[in-house]
Amino acid sequence: MSSIERFSEPTLFILISLAESNKHGYAIMEDIEISYNIKIGPGTLYGAISRIEKLKFIESIPSKDRRKPYQITPEGREYLQEKLREMDNVTSLGFKRLGMI
Amino acid sequence: MKWVIHLYPKKWRERYEDEFLYVLEKRKLSFKEIIDVFVNAMDARLLNLVEVIISMGNKISDIMLKSVFKRSLIIGSIVLFGVISGYWVGERTPSFFELSPKMILIIGVGLGVFVGYVAGVVRGIMRVIKVTQKEDVFLPTGKLKFDKIER
């Protein structure tokens with residue numbers, strides 16, 4: 001299992017959050033809590049941020065503020081689209097086999 | 001709760017300390033979140049260690065390659081110098097049969113001294129290489145004095 005897969009959920013949540021607008025770490029955390037009604041620890045959040053920043057899926061925007069905003073990169077968008085398509089395929093198949101669609 | 005930042009490696013703190021502390025200031029950490037920070041800090045330390053090991057491995061490979069390159073340059077230069085000198089000497093010296101016995105004796109002694117000198121230098125170099133292949137030699141400054149040929 002690759003390091004990105006271990007953190008797939010926080011990674012997706014962060015990328016989805018940044019797909020809407022640029023945000024700093026605490027704002028991402030709040031957005032995830034409001035959108036999915038789950039709490040994400042600061043350790044997990046920054047663990048995921050540091051990994052996806054290394055993978056160049058997100059990048060920090062230079063700022064004098066101690067809260068550094070992040071933005072999603074084209075590579076990050078591509079990765080997010082690919083993952084969402086995969087999830088969509090799995091969801092569709094699941095619903096189909098349950099006879100719900 | 002700011003102390004938890006010190007669980008992370010220095011390199012990580014240099015990059016994320018300010019924003020991470022901002023999150024810690026804005027949020028009262030629960031026990032579960034302290035555990036979360038602890039686990040992720042250990043993960044960051046482990047990753048940092050792996051990166052250091054990989055970086056050291058790359059540096060050692062670079063040093064070895066540079067060492068081989070330098071030695072090739074020195075040996076190549078000596079061989080080239082020898083070939084050019086040999087050709088130059090061969091063009092200007094009379095045939096062996098035209099030399100007087102006295103001159104042949106002088107050349108023989110000269111050649112013997114030269115071969116002995118080269119053999120001595122080569123033996124010395126081989127001894128140094130043999131020692132440095134087994135263990136690193138450090139200067140008082142802590143720098144590696146000789147490069148290893150093999151790991």
# chains A, B, ... in the order shown; residues from 1 in each chain; ligands from 1
$ interface_residues --of "chain B" --to "chain A" --cutoff "6 Å" --atoms "only C-alpha atoms" --output "list of chain:residue names"
B:Asp18, B:Glu19, B:Val23, B:Glu33, B:Asp36, B:Val37, B:Asn40
$ select_by_dssp --residues "chain A" --states "strand (DSSP E)" --output "number ranges by chain"
A: 23-24, 58-60, 69-72
$ write_last_selection --atoms "N, CA and C atoms" --output "short mmCIF file (atom, residue, chain, number, x, y, z; two decimals), in the first residue's frame"
data_model
loop_
_atom_site.label_atom_id
_atom_site.label_comp_id
_atom_site.auth_asym_id
_atom_site.auth_seq_id
_atom_site.Cartn_x
_atom_site.Cartn_y
_atom_site.Cartn_z
N LYS A 23 -7.54 27.58 0.62
CA LYS A 23 -7.79 27.65 2.08
C LYS A 23 -6.52 27.34 2.84
N HIS A 24 -6.43 27.86 4.07
CA HIS A 24 -5.32 27.47 4.94
C HIS A 24 -5.75 26.23 5.73
N ILE A 58 -0.95 19.76 -4.25
CA ILE A 58 -1.32 21.09 -3.74
C ILE A 58 -0.03 21.90 -3.59
N GLU A 59 -0.17 23.22 -3.50
CA GLU A 59 1.00 24.05 -3.24
C GLU A 59 0.60 25.22 -2.36
N SER A 60 1.55 25.67 -1.53
CA SER A 60 1.21 26.79 -0.65
C SER A 60 1.39 28.10 -1.42
N PRO A 69 -2.12 29.81 2.99
CA PRO A 69 -3.19 29.20 2.17
C PRO A 69 -2.60 28.21 1.15
N TYR A 70 -3.40 27.23 0.82
CA TYR A 70 -3.00 26.22 -0.16
C TYR A 70 -3.94 26.29 -1.36
N GLN A 71 -3.38 25.91 -2.53
CA GLN A 71 -4.22 25.80 -3.72
C GLN A 71 -3.97 24.46 -4.39
N ILE A 72 -4.99 23.97 -5.05
CA ILE A 72 -4.86 22.69 -5.76
C ILE A 72 -4.13 22.94 -7.08
#
$ select_by_dssp --residues "chain A" --states "helix (DSSP H, G or I)" --output "VMD selection string"
chain A and resid 3 to 6 8 to 20 25 to 36 42 to 54 74 to 97
$ residues_around --residues "segment 78-83 of chain A" --least-positions-apart "6" --cutoff "8 Å" --atoms "only C-alpha atoms" --output "list in words"
Leu12, Leu15, Ile16 and Phe57 of chain A
$ atom_distance --atom1 "atom CA of Ile28 of chain A" --atom2 "atom CA of Phe20 of chain B"
12.5 Å
$ atom_distance --atom1 "atom CA of Val50 of chain B" --atom2 "atom CA of Ile52 of chain A"
17.5 Å
$ decode --residues "segment 70-91 of chain B" --atoms "C-alpha atoms" --output "compact mmCIF listing (two decimals), in the first residue's frame"
# COMPACT_ATOMS: atom_id res chain seq x y z
CA LYS B 70 38.94 11.06 -10.94
CA ARG B 71 41.03 7.89 -10.96
CA SER B 72 40.13 7.25 -14.61
CA LEU B 73 41.24 10.79 -15.45
CA ILE B 74 44.60 10.36 -13.65
CA ILE B 75 45.28 6.90 -15.12
CA GLY B 76 44.13 8.03 -18.60
CA SER B 77 46.42 11.08 -18.46
CA ILE B 78 49.40 8.94 -17.41
CA VAL B 79 48.77 6.41 -20.21
CA LEU B 80 48.39 9.21 -22.79
CA PHE B 81 51.56 10.92 -21.54
CA GLY B 82 53.43 7.58 -21.69
CA VAL B 83 52.29 6.84 -25.27
CA ILE B 84 53.24 10.34 -26.52
CA SER B 85 56.59 10.27 -24.68
CA GLY B 86 57.36 6.77 -25.95
CA TYR B 87 56.62 7.81 -29.51
CA TRP B 88 58.75 10.97 -29.11
CA VAL B 89 61.69 9.03 -27.57
CA GLY B 90 61.37 6.27 -30.20
CA GLU B 91 61.57 8.79 -33.04
